[in-house]
file data.csv (CSV, N, CA and C atoms)
chain,number,residue,atom,x,y,z
A,262,MET,N,0.8,-1.2,0.0
A,262,MET,CA,0.0,0.0,0.0
A,262,MET,C,0.9,1.3,0.0
A,263,ARG,N,2.1,1.2,0.6
A,263,ARG,CA,3.0,2.3,0.6
A,263,ARG,C,3.5,2.7,-0.7
A,264,ASP,N,3.6,1.7,-1.6
A,264,ASP,CA,4.2,1.9,-2.9
A,264,ASP,C,3.2,2.5,-3.9
A,265,LEU,N,2.0,2.5,-3.6
A,265,LEU,CA,0.9,3.1,-4.5
A,265,LEU,C,1.2,4.5,-4.9
A,266,PRO,N,1.5,5.4,-3.9
A,266,PRO,CA,1.8,6.8,-4.3
A,266,PRO,C,3.0,6.9,-5.3
A,267,VAL,N,4.0,6.1,-5.0
A,267,VAL,CA,5.2,6.2,-5.8
A,267,VAL,C,4.9,5.7,-7.2
A,268,LEU,N,4.1,4.6,-7.3
A,268,LEU,CA,3.7,4.1,-8.6
A,268,LEU,C,2.9,5.1,-9.4
A,269,ALA,N,2.0,5.8,-8.7
A,269,ALA,CA,1.1,6.8,-9.3
A,269,ALA,C,2.0,7.9,-9.9
A,270,ILE,N,3.0,8.3,-9.1
A,270,ILE,CA,3.9,9.4,-9.6
A,270,ILE,C,4.7,9.0,-10.8
A,271,VAL,N,5.2,7.7,-10.8
A,271,VAL,CA,5.9,7.2,-11.9
A,271,VAL,C,5.1,7.2,-13.2
A,272,ILE,N,3.8,6.7,-13.0
A,272,ILE,CA,2.9,6.6,-14.2
A,272,ILE,C,2.6,8.0,-14.7
A,273,ALA,N,2.4,9.0,-13.8
A,273,ALA,CA,2.1,10.3,-14.2
A,273,ALA,C,3.3,11.0,-14.9
A,274,LEU,N,4.5,10.8,-14.4
A,274,LEU,CA,5.7,11.3,-15.1
A,274,LEU,C,5.9,10.7,-16.4
A,275,SER,N,5.6,9.4,-16.5
A,275,SER,CA,5.8,8.7,-17.8
A,275,SER,C,4.8,9.2,-18.8
A,276,ALA,N,3.6,9.4,-18.4
A,276,ALA,CA,2.6,9.9,-19.3
A,276,ALA,C,2.9,11.4,-19.8
A,277,ALA,N,3.4,12.2,-18.8
A,277,ALA,CA,3.7,13.5,-19.1
A,277,ALA,C,4.9,13.6,-20.1
A,278,SER,N,5.9,12.7,-20.0
A,278,SER,CA,7.0,12.7,-20.9
A,278,SER,C,6.6,12.3,-22.3
A,279,ILE,N,5.6,11.4,-22.4
A,279,ILE,CA,5.1,11.0,-23.7
A,279,ILE,C,4.4,12.2,-24.4
A,280,VAL,N,3.6,12.9,-23.6
A,280,VAL,CA,2.8,14.0,-24.2
A,280,VAL,C,3.8,15.1,-24.6
A,281,VAL,N,4.8,15.4,-23.9
A,281,VAL,CA,5.8,16.4,-24.2
A,281,VAL,C,6.6,16.0,-25.5
A,282,ALA,N,6.9,14.7,-25.6
A,282,ALA,CA,7.6,14.2,-26.8
A,282,ALA,C,6.7,14.4,-28.0
A,283,ILE,N,5.5,14.1,-27.9
A,283,ILE,CA,4.5,14.2,-29.1
A,283,ILE,C,4.4,15.7,-29.4
A,284,LEU,N,4.3,16.5,-28.5
A,284,LEU,CA,4.1,18.0,-28.8
A,284,LEU,C,5.3,18.6,-29.4
A,285,LEU,N,6.5,18.1,-29.0
A,285,LEU,CA,7.7,18.7,-29.5
A,285,LEU,C,8.2,18.1,-30.9
A,286,ARG,N,7.6,17.0,-31.3
A,286,ARG,CA,7.9,16.4,-32.6
A,286,ARG,C,7.5,17.3,-33.7
A,287,PRO,N,8.4,17.6,-34.7
A,287,PRO,CA,8.0,18.5,-35.8
A,287,PRO,C,6.9,17.8,-36.6
A,288,SER,N,6.0,18.7,-37.1
A,288,SER,CA,5.0,18.2,-38.0
A,288,SER,C,5.5,18.0,-39.4
A,289,ASP,N,4.7,17.3,-40.2
A,289,ASP,CA,5.1,17.1,-41.6
A,289,ASP,C,5.2,18.4,-42.3
A,290,PHE,N,4.4,19.4,-42.0
A,290,PHE,CA,4.4,20.7,-42.6
A,290,PHE,C,5.7,21.4,-42.2
A,291,GLU,N,6.1,21.3,-41.0
A,291,GLU,CA,7.4,22.0,-40.5
A,291,GLU,C,8.6,21.4,-41.2
A,292,THR,N,8.6,20.0,-41.4
A,292,THR,CA,9.6,19.3,-42.0
A,292,THR,C,9.7,19.8,-43.5
A,293,CYS,N,8.6,19.8,-44.2
A,293,CYS,CA,8.5,20.2,-45.6
A,293,CYS,C,9.0,21.7,-45.7
A,294,LEU,N,8.6,22.5,-44.8
A,294,LEU,CA,9.0,23.9,-44.8
A,294,LEU,C,10.5,24.1,-44.7
A,295,LYS,N,11.1,23.3,-43.8
A,295,LYS,CA,12.6,23.4,-43.7
A,295,LYS,C,13.3,22.9,-44.9
A,296,ILE,N,12.8,21.8,-45.5
A,296,ILE,CA,13.5,21.2,-46.7
A,296,ILE,C,13.4,22.2,-47.8
A,297,ILE,N,12.2,22.7,-48.1
A,297,ILE,CA,12.0,23.7,-49.2
A,297,ILE,C,12.8,25.0,-49.0
A,298,SER,N,12.7,25.5,-47.7
A,298,SER,CA,13.5,26.7,-47.4
A,298,SER,C,15.0,26.5,-47.7
A,299,ASP,N,15.5,25.4,-47.2
A,299,ASP,CA,16.9,25.1,-47.5
A,299,ASP,C,17.2,25.0,-49.0
A,300,ASP,N,16.3,24.4,-49.7
A,300,ASP,CA,16.5,24.3,-51.2
A,300,ASP,C,16.5,25.6,-51.8
A,301,ILE,N,15.6,26.5,-51.4
A,301,ILE,CA,15.5,27.9,-52.0
A,301,ILE,C,16.8,28.6,-51.7
A,302,HIS,N,17.3,28.5,-50.5
A,302,HIS,CA,18.5,29.2,-50.2
A,302,HIS,C,19.7,28.7,-51.0
A,303,ARG,N,19.7,27.4,-51.2
A,303,ARG,CA,20.8,26.7,-51.9
A,303,ARG,C,20.7,27.2,-53.4
A,304,GLN,N,19.6,27.2,-54.0
A,304,GLN,CA,19.4,27.6,-55.4
A,304,GLN,C,19.7,29.1,-55.5
A,305,GLY,N,19.5,29.9,-54.5
A,305,GLY,CA,19.7,31.4,-54.6
A,305,GLY,C,21.1,31.7,-54.7
A,306,GLY,N,22.0,30.8,-54.3
A,306,GLY,CA,23.5,31.1,-54.4
A,306,GLY,C,23.9,32.2,-53.6
A,307,SER,N,24.5,33.2,-54.2
A,307,SER,CA,25.0,34.3,-53.4
A,307,SER,C,24.0,35.5,-53.3
A,308,ALA,N,22.9,35.3,-53.9
A,308,ALA,CA,21.8,36.4,-53.9
A,308,ALA,C,21.3,36.6,-52.5
A,309,THR,N,21.0,37.8,-52.1
A,309,THR,CA,20.5,38.1,-50.8
A,309,THR,C,19.0,37.8,-50.9
A,310,LEU,N,18.6,36.9,-50.1
A,310,LEU,CA,17.1,36.5,-50.0
A,310,LEU,C,16.5,36.9,-48.7
A,311,ASP,N,15.3,37.5,-48.8
A,311,ASP,CA,14.6,37.9,-47.6
A,311,ASP,C,14.0,36.6,-47.0
A,312,PRO,N,14.4,36.4,-45.7
A,312,PRO,CA,13.9,35.2,-45.0
A,312,PRO,C,12.4,35.0,-45.0
A,313,LYS,N,11.7,36.2,-44.9
A,313,LYS,CA,10.2,36.1,-45.0
A,313,LYS,C,9.7,35.6,-46.3
A,314,ASP,N,10.3,36.1,-47.4
A,314,ASP,CA,9.9,35.7,-48.7
A,314,ASP,C,10.2,34.2,-48.9
A,315,VAL,N,11.3,33.8,-48.5
A,315,VAL,CA,11.7,32.3,-48.6
A,315,VAL,C,10.7,31.5,-47.8
A,316,GLU,N,10.3,31.9,-46.6
A,316,GLU,CA,9.4,31.1,-45.8
A,316,GLU,C,8.0,31.1,-46.4
A,317,SER,N,7.6,32.2,-46.9
A,317,SER,CA,6.2,32.3,-47.5
A,317,SER,C,6.2,31.4,-48.8
A,318,GLN,N,7.2,31.5,-49.6
A,318,GLN,CA,7.3,30.7,-50.8
A,318,GLN,C,7.3,29.2,-50.4
A,319,ALA,N,8.1,28.8,-49.4
A,319,ALA,CA,8.1,27.4,-49.0
A,319,ALA,C,6.8,27.0,-48.5
A,320,ALA,N,6.1,27.9,-47.7
A,320,ALA,CA,4.8,27.5,-47.2
A,320,ALA,C,3.8,27.3,-48.3
A,321,ARG,N,3.8,28.1,-49.4
A,321,ARG,CA,2.9,27.9,-50.5
A,321,ARG,C,3.2,26.6,-51.2
A,322,ILE,N,4.5,26.2,-51.3
A,322,ILE,CA,4.8,24.9,-52.0
A,322,ILE,C,4.3,23.8,-51.1
A,323,CYS,N,4.6,23.9,-49.8
A,323,CYS,CA,4.2,22.8,-48.9
A,323,CYS,C,2.7,22.6,-48.8
A,324,THR,N,1.9,23.6,-49.0
A,324,THR,CA,0.5,23.5,-48.9
A,324,THR,C,-0.1,23.1,-50.3
A,325,GLY,N,0.7,23.1,-51.3
A,325,GLY,CA,0.3,22.7,-52.6
A,325,GLY,C,-0.3,23.8,-53.4
A,326,HIS,N,-0.1,25.0,-53.1
A,326,HIS,CA,-0.6,26.2,-53.8
A,326,HIS,C,0.3,26.7,-54.9
A,327,GLU,N,1.4,26.0,-55.0
A,327,GLU,CA,2.3,26.5,-56.1
A,327,GLU,C,3.2,25.3,-56.5
A,328,ALA,N,3.4,25.1,-57.8
A,328,ALA,CA,4.2,24.0,-58.3
A,328,ALA,C,5.7,24.3,-57.9
A,329,ARG,N,6.4,23.2,-57.6
A,329,ARG,CA,7.7,23.3,-57.2
A,329,ARG,C,8.6,23.5,-58.3
call {"tool": "encode", "arguments": {"input": "data.csv", "output": "structure tokens"}}
result
Amino acid sequence: MRDLPVLAIVIALSAASIVVAILLRPSDFETCLKIISDDIHRQGGSATLDPKDVESQAARICTGHEAR
């Protein structure tokens, strides 16, 4: 009976760590955004690219609103 509170705490901490891991995992959209943004920067070469323009272009590609 004395181990019951310890067991409950261990179970609660385990559940909390699983929830945090799921919430911190990047979504498919975030992964796509990073890949496309990196690709745009790589293709831009030495040109100065506005990060906001790159991110918005990548977002349009990842949502399917513009052909790659």
call {"tool": "select_by_dssp", "arguments": {"input": "data.csv", "residues": "chain A", "states": "helix (DSSP H, G or I)", "output": "PyMOL selection string"}}
result
chain A and resi 264-285+289-305+312-323
call {"tool": "residues_around", "arguments": {"input": "data.csv", "residues": "region 311-315 of chain A", "least_positions_apart": "3", "cutoff": "8 Å", "atoms": "only N, CA and C atoms", "output": "ChimeraX atom specification"}}
result
/A:297-299,301-302,308,318-321
call {"tool": "write_last_selection", "arguments": {"input": "data.csv", "atoms": "N, CA and C atoms", "output": "PDB file, keeping the file's coordinate frame"}}
result
ATOM      1  N   ILE A 297      12.200  22.700 -48.100  1.00  0.00           N
ATOM      2  CA  ILE A 297      12.000  23.700 -49.200  1.00  0.00           C
ATOM      3  C   ILE A 297      12.800  25.000 -49.000  1.00  0.00           C
ATOM      4  N   SER A 298      12.700  25.500 -47.700  1.00  0.00           N
ATOM      5  CA  SER A 298      13.500  26.700 -47.400  1.00  0.00           C
ATOM      6  C   SER A 298      15.000  26.500 -47.700  1.00  0.00           C
ATOM      7  N   ASP A 299      15.500  25.400 -47.200  1.00  0.00           N
ATOM      8  CA  ASP A 299      16.900  25.100 -47.500  1.00  0.00           C
ATOM      9  C   ASP A 299      17.200  25.000 -49.000  1.00  0.00           C
ATOM     10  N   ILE A 301      15.600  26.500 -51.400  1.00  0.00           N
ATOM     11  CA  ILE A 301      15.500  27.900 -52.000  1.00  0.00           C
ATOM     12  C   ILE A 301      16.800  28.600 -51.700  1.00  0.00           C
ATOM     13  N   HIS A 302      17.300  28.500 -50.500  1.00  0.00           N
ATOM     14  CA  HIS A 302      18.500  29.200 -50.200  1.00  0.00           C
ATOM     15  C   HIS A 302      19.700  28.700 -51.000  1.00  0.00           C
ATOM     16  N   ALA A 308      22.900  35.300 -53.900  1.00  0.00           N
ATOM     17  CA  ALA A 308      21.800  36.400 -53.900  1.00  0.00           C
ATOM     18  C   ALA A 308      21.300  36.600 -52.500  1.00  0.00           C
ATOM     19  N   GLN A 318       7.200  31.500 -49.600  1.00  0.00           N
ATOM     20  CA  GLN A 318       7.300  30.700 -50.800  1.00  0.00           C
ATOM     21  C   GLN A 318       7.300  29.200 -50.400  1.00  0.00           C
ATOM     22  N   ALA A 319       8.100  28.800 -49.400  1.00  0.00           N
ATOM     23  CA  ALA A 319       8.100  27.400 -49.000  1.00  0.00           C
ATOM     24  C   ALA A 319       6.800  27.000 -48.500  1.00  0.00           C
ATOM     25  N   ALA A 320       6.100  27.900 -47.700  1.00  0.00           N
ATOM     26  CA  ALA A 320       4.800  27.500 -47.200  1.00  0.00           C
ATOM     27  C   ALA A 320       3.800  27.300 -48.300  1.00  0.00           C
ATOM     28  N   ARG A 321       3.800  28.100 -49.400  1.00  0.00           N
ATOM     29  CA  ARG A 321       2.900  27.900 -50.500  1.00  0.00           C
ATOM     30  C   ARG A 321       3.200  26.600 -51.200  1.00  0.00           C
TER      31      ARG A 321
END
call {"tool": "closest_residue", "arguments": {"input": "data.csv", "among": "A:Ala282, A:Leu265, A:Ala276, A:Leu294", "to": "Ser317 (chain A)", "atoms": "only C-alpha atoms"}}
result
A:Leu294
call {"tool": "atom_distance", "arguments": {"input": "data.csv", "atom1": "atom C of Cys323 (chain A)", "atom2": "atom C of Glu291 (chain A)"}}
result
9.7 Å
call {"tool": "atom_distance", "arguments": {"input": "data.csv", "atom1": "atom C of Phe290 (chain A)", "atom2": "CA of Arg303 (chain A)"}}
result
18.7 Å
call {"tool": "atom_distance", "arguments": {"input": "data.csv", "atom1": "CA of Ile283 (chain A)", "atom2": "atom N of Ile296 (chain A)"}}
result
19.9 Å
call {"tool": "closest_residue", "arguments": {"input": "data.csv", "among": "A:Val281, A:Leu310, A:Leu268, A:Ile322", "to": "Cys293 (chain A)", "atoms": "only N, CA and C atoms"}}
result
A:Ile322
